[in-house]
$ cat work.pdb   # PDB, C-alpha atoms
ATOM      1  CA  MET A   1      84.552  17.921-121.716
ATOM      2  CA  PHE A   2      81.176  19.448-120.823
ATOM      3  CA  LYS A   3      80.072  16.150-119.293
ATOM      4  CA  ALA A   4      83.199  15.982-117.123
ATOM      5  CA  GLU A   5      82.650  19.520-115.851
ATOM      6  CA  TRP A   6      79.025  18.777-115.104
ATOM      7  CA  GLU A   7      80.038  15.695-113.101
ATOM      8  CA  TYR A   8      82.550  17.800-111.175
ATOM      9  CA  LEU A   9      79.840  20.338-110.303
ATOM     10  CA  LYS A  10      77.486  17.561-109.179
ATOM     11  CA  THR A  11      80.045  16.302-106.706
ATOM     12  CA  HIS A  12      81.027  19.778-105.451
ATOM     13  CA  LYS A  13      77.754  21.417-104.385
ATOM     14  CA  PHE A  14      79.430  24.647-103.294
ATOM     15  CA  PHE A  15      80.513  25.470-106.853
ATOM     16  CA  MET A  16      76.973  24.788-108.078
ATOM     17  CA  LEU A  17      75.702  27.302-105.522
ATOM     18  CA  VAL A  18      78.270  29.868-106.700
ATOM     19  CA  ILE A  19      77.094  29.499-110.309
ATOM     20  CA  VAL A  20      73.435  29.870-109.318
ATOM     21  CA  VAL A  21      74.217  33.011-107.300
ATOM     22  CA  LEU A  22      76.201  34.440-110.218
ATOM     23  CA  PHE A  23      73.140  34.007-112.414
ATOM     24  CA  PHE A  24      70.898  35.840-109.931
ATOM     25  CA  VAL A  25      73.111  38.813-109.021
ATOM     26  CA  PRO A  26      72.649  40.587-112.389
ATOM     27  CA  SER A  27      68.938  39.809-112.264
ATOM     28  CA  ILE A  28      68.583  41.350-108.808
ATOM     29  CA  TYR A  29      70.472  44.444-109.938
ATOM     30  CA  ALA A  30      68.389  44.767-113.121
ATOM     31  CA  VAL A  31      65.081  44.396-111.275
ATOM     32  CA  THR A  32      66.100  46.933-108.618
ATOM     33  CA  PHE A  33      67.348  49.452-111.155
ATOM     34  CA  LEU A  34      64.443  49.079-113.560
ATOM     35  CA  SER A  35      61.817  49.221-110.819
ATOM     36  CA  SER A  36      63.212  52.589-109.718
ATOM     37  CA  LEU A  37      62.638  53.934-113.233
ATOM     38  CA  TRP A  38      59.382  52.147-113.973
ATOM     39  CA  ASP A  39      56.574  54.549-114.879
ATOM     40  CA  PRO A  40      58.039  57.755-113.403
ATOM     41  CA  TYR A  41      55.171  59.856-114.803
ATOM     42  CA  GLY A  42      52.696  57.667-112.945
ATOM     43  CA  GLN A  43      54.500  58.460-109.694
ATOM     44  CA  VAL A  44      54.304  62.260-109.948
ATOM     45  CA  LYS A  45      51.613  62.242-107.262
ATOM     46  CA  ASN A  46      54.380  61.306-104.780
ATOM     47  CA  LEU A  47      56.619  64.227-105.775
ATOM     48  CA  PRO A  48      56.943  66.627-102.788
ATOM     49  CA  VAL A  49      56.253  70.216-103.852
ATOM     50  CA  ALA A  50      56.244  73.247-101.547
ATOM     51  CA  ILE A  51      53.849  76.115-102.257
ATOM     52  CA  ILE A  52      54.558  79.629-100.983
ATOM     53  CA  ASN A  53      51.714  82.113-101.319
ATOM     54  CA  LYS A  54      52.916  85.740-101.240
ATOM     55  CA  ASP A  55      49.895  87.079-103.156
ATOM     56  CA  LYS A  56      48.153  90.174-101.864
ATOM     57  CA  SER A  57      44.451  90.511-102.549
ATOM     58  CA  VAL A  58      43.185  93.527-104.500
ATOM     59  CA  ASP A  59      39.883  95.339-104.833
ATOM     60  CA  TYR A  60      38.550  94.949-108.354
ATOM     61  CA  GLU A  61      35.252  96.502-109.377
ATOM     62  CA  GLY A  62      34.078  96.608-105.775
ATOM     63  CA  GLN A  63      35.003  93.008-104.952
ATOM     64  CA  LYS A  64      37.957  91.505-103.159
ATOM     65  CA  LEU A  65      40.046  89.459-105.597
ATOM     66  CA  ALA A  66      42.486  86.940-104.101
ATOM     67  CA  VAL A  67      43.580  84.687-106.958
ATOM     68  CA  GLY A  68      46.600  83.376-105.032
ATOM     69  CA  ASP A  69      44.394  82.254-102.136
ATOM     70  CA  ASP A  70      41.987  80.582-104.569
ATOM     71  CA  LEU A  71      44.873  78.779-106.273
ATOM     72  CA  GLU A  72      46.222  77.658-102.903
ATOM     73  CA  LYS A  73      42.805  76.271-101.898
ATOM     74  CA  GLU A  74      42.606  74.273-105.121
ATOM     75  CA  LEU A  75      46.133  72.928-104.674
ATOM     76  CA  ARG A  76      45.326  71.865-101.104
ATOM     77  CA  LYS A  77      42.494  69.727-102.513
ATOM     78  CA  SER A  78      44.571  68.388-105.410
ATOM     79  CA  LYS A  79      46.181  64.960-105.293
ATOM     80  CA  ASP A  80      48.157  65.464-108.535
ATOM     81  CA  MET A  81      51.372  66.053-106.581
ATOM     82  CA  ASP A  82      52.362  65.866-102.917
ATOM     83  CA  PHE A  83      51.730  69.549-102.136
ATOM     84  CA  HIS A  84      53.021  71.088 -98.890
ATOM     85  CA  PHE A  85      52.468  74.629 -97.617
ATOM     86  CA  PRO A  86      55.441  75.567 -95.417
ATOM     87  CA  SER A  87      56.821  79.014 -94.668
ATOM     88  CA  GLU A  88      59.213  80.513 -97.197
ATOM     89  CA  LYS A  89      62.220  79.777 -94.994
ATOM     90  CA  GLU A  90      61.159  76.151 -94.435
ATOM     91  CA  ALA A  91      60.569  75.700 -98.164
ATOM     92  CA  LYS A  92      64.025  77.029 -99.107
ATOM     93  CA  THR A  93      65.658  74.820 -96.483
ATOM     94  CA  GLY A  94      63.576  71.843 -97.608
ATOM     95  CA  LEU A  95      64.608  72.368-101.231
ATOM     96  CA  LYS A  96      68.257  72.521-100.217
ATOM     97  CA  ASP A  97      67.966  69.415 -98.002
ATOM     98  CA  GLY A  98      65.969  67.373-100.532
ATOM     99  CA  LYS A  99      62.700  67.378 -98.588
ATOM    100  CA  TYR A 100      61.015  69.143-101.529
ATOM    101  CA  TYR A 101      61.937  68.741-105.169
ATOM    102  CA  THR A 102      60.174  71.943-106.238
ATOM    103  CA  VAL A 103      59.208  75.200-104.570
ATOM    104  CA  ILE A 104      56.442  77.121-106.331
ATOM    105  CA  THR A 105      56.021  80.739-105.265
ATOM    106  CA  ILE A 106      52.841  82.657-105.995
ATOM    107  CA  PRO A 107      54.171  86.249-106.319
ATOM    108  CA  SER A 108      52.725  89.205-104.442
ATOM    109  CA  ASP A 109      51.272  90.806-107.596
ATOM    110  CA  PHE A 110      49.487  87.669-108.832
ATOM    111  CA  SER A 111      45.966  88.987-108.155
ATOM    112  CA  LYS A 112      46.909  92.459-109.406
ATOM    113  CA  ASP A 113      48.072  90.968-112.720
ATOM    114  CA  ALA A 114      44.794  89.037-112.962
ATOM    115  CA  THR A 115      42.879  92.330-113.011
ATOM    116  CA  THR A 116      44.622  93.310-116.265
ATOM    117  CA  LEU A 117      43.163  90.344-118.140
ATOM    118  CA  LEU A 118      40.707  92.488-120.123
ATOM    119  CA  ASP A 119      43.108  95.415-120.611
ATOM    120  CA  LYS A 120      44.623  96.259-123.979
ATOM    121  CA  ASN A 121      48.027  95.074-122.725
ATOM    122  CA  PRO A 122      47.363  92.445-120.035
ATOM    123  CA  LYS A 123      50.152  91.366-117.710
ATOM    124  CA  GLN A 124      50.963  87.690-117.675
ATOM    125  CA  MET A 125      50.328  85.907-114.377
ATOM    126  CA  LYS A 126      53.557  84.068-113.629
ATOM    127  CA  LEU A 127      54.416  81.550-110.955
ATOM    128  CA  ASP A 128      58.022  81.390-109.807
ATOM    129  CA  TYR A 129      59.476  77.958-109.255
ATOM    130  CA  GLU A 130      62.768  76.421-108.269
ATOM    131  CA  THR A 131      63.668  72.777-108.719
ATOM    132  CA  SER A 132      66.380  70.642-107.189
ATOM    133  CA  SER A 133      67.885  68.187-109.643
ATOM    134  CA  GLY A 134      70.845  67.607-107.348
ATOM    135  CA  HIS A 135      68.954  65.154-105.162
ATOM    136  CA  SER A 136      67.246  63.221-107.945
ATOM    137  CA  PHE A 137      67.733  63.889-111.637
ATOM    138  CA  ILE A 138      64.469  62.219-112.624
ATOM    139  CA  ALA A 139      62.470  64.014-109.925
ATOM    140  CA  GLY A 140      64.009  67.320-111.032
ATOM    141  CA  LYS A 141      62.961  66.696-114.627
ATOM    142  CA  LEU A 142      59.457  65.665-113.580
ATOM    143  CA  SER A 143      59.241  68.814-111.444
ATOM    144  CA  GLU A 144      60.146  70.970-114.416
ATOM    145  CA  ILE A 145      57.527  69.254-116.562
ATOM    146  CA  GLY A 146      54.909  69.470-113.824
ATOM    147  CA  CYS A 147      55.442  73.191-113.380
TER     148      CYS A 147
END

$ encode --input "work.pdb" --output "structure tokens"
Amino acid sequence: MFKAEWEYLKTHKFFMLVIVVLFFVPSIYAVTFLSSLWDPYGQVKNLPVAIINKDKSVDYEGQKLAVGDDLEKELRKSKDMDFHFPSEKEAKTGLKDGKYYTVITIPSDFSKDATTLLDKNPKQMKLDYETSSGHSFIAGKLSEIGC
């Protein structure tokens, strides 16, 4: 029976082509799907993140302290993620449209909170961030981990 079917396929080349294609379709799908998920943590450097700096500098012990500006300078040099520095409006629109997966906002009292570091009750310096999992679940999760 197997021999007869093999002989039939040898004489009808079109059916042989159909069988070969049927073997490759799942392979193409598997390779495409798996390559999209391969090493997501190694691809964090390509994750677009918008930074909004609202920090206001303060005078502390006779010196100007601008922690938000210093943080922004370091992030501009960093290649850990794909950092962008748009306006607040552009960042919100970009998050909604999927241009950015995360928007990190440095609040206006960031430097002021830094001056309380040696106080009895220091204030925690917090960054505000929003992520967009709606455009890419994996990118949203990586954004949350990265922040």

$ closest_residue --input "work.pdb" --among "A:Pro86, A:Tyr60, A:Leu71, A:Phe24" --to "A:Leu117" --atoms "all atoms listed in the file"
A:Tyr60

$ atom_distance --input "work.pdb" --atom1 "atom CA of A:Met125" --atom2 "atom CA of A:Gly42"
28.4 Å

$ atom_distance --input "work.pdb" --atom1 "atom CA of A:Val103" --atom2 "atom CA of A:Ser78"
16.2 Å

$ resolve_selection --input "work.pdb" --expression "the PyMOL selection byres ((chain A and resi 90-97) around 12)" --output "PyMOL selection string"
chain A and resi 48-53+83-89+98-105+129-136+140

$ write_last_selection --input "work.pdb" --atoms "C-alpha atoms" --output "PDB file, in the frame of the given file"
ATOM      1  CA  PRO A  48      56.943  66.627-102.788  1.00  0.00           C
ATOM      2  CA  VAL A  49      56.253  70.216-103.852  1.00  0.00           C
ATOM      3  CA  ALA A  50      56.244  73.247-101.547  1.00  0.00           C
ATOM      4  CA  ILE A  51      53.849  76.115-102.257  1.00  0.00           C
ATOM      5  CA  ILE A  52      54.558  79.629-100.983  1.00  0.00           C
ATOM      6  CA  ASN A  53      51.714  82.113-101.319  1.00  0.00           C
ATOM      7  CA  PHE A  83      51.730  69.549-102.136  1.00  0.00           C
ATOM      8  CA  HIS A  84      53.021  71.088 -98.890  1.00  0.00           C
ATOM      9  CA  PHE A  85      52.468  74.629 -97.617  1.00  0.00           C
ATOM     10  CA  PRO A  86      55.441  75.567 -95.417  1.00  0.00           C
ATOM     11  CA  SER A  87      56.821  79.014 -94.668  1.00  0.00           C
ATOM     12  CA  GLU A  88      59.213  80.513 -97.197  1.00  0.00           C
ATOM     13  CA  LYS A  89      62.220  79.777 -94.994  1.00  0.00           C
ATOM     14  CA  GLY A  98      65.969  67.373-100.532  1.00  0.00           C
ATOM     15  CA  LYS A  99      62.700  67.378 -98.588  1.00  0.00           C
ATOM     16  CA  TYR A 100      61.015  69.143-101.529  1.00  0.00           C
ATOM     17  CA  TYR A 101      61.937  68.741-105.169  1.00  0.00           C
ATOM     18  CA  THR A 102      60.174  71.943-106.238  1.00  0.00           C
ATOM     19  CA  VAL A 103      59.208  75.200-104.570  1.00  0.00           C
ATOM     20  CA  ILE A 104      56.442  77.121-106.331  1.00  0.00           C
ATOM     21  CA  THR A 105      56.021  80.739-105.265  1.00  0.00           C
ATOM     22  CA  TYR A 129      59.476  77.958-109.255  1.00  0.00           C
ATOM     23  CA  GLU A 130      62.768  76.421-108.269  1.00  0.00           C
ATOM     24  CA  THR A 131      63.668  72.777-108.719  1.00  0.00           C
ATOM     25  CA  SER A 132      66.380  70.642-107.189  1.00  0.00           C
ATOM     26  CA  SER A 133      67.885  68.187-109.643  1.00  0.00           C
ATOM     27  CA  GLY A 134      70.845  67.607-107.348  1.00  0.00           C
ATOM     28  CA  HIS A 135      68.954  65.154-105.162  1.00  0.00           C
ATOM     29  CA  SER A 136      67.246  63.221-107.945  1.00  0.00           C
ATOM     30  CA  GLY A 140      64.009  67.320-111.032  1.00  0.00           C
TER      31      GLY A 140
END

$ closest_residue --input "work.pdb" --among "A:Phe15, A:Phe110, A:Tyr8, A:Phe23" --to "A:Asp128" --atoms "only C-alpha atoms"
A:Phe110

$ atom_distance --input "work.pdb" --atom1 "atom CA of A:Ala30" --atom2 "atom CA of A:Met81"
28.0 Å
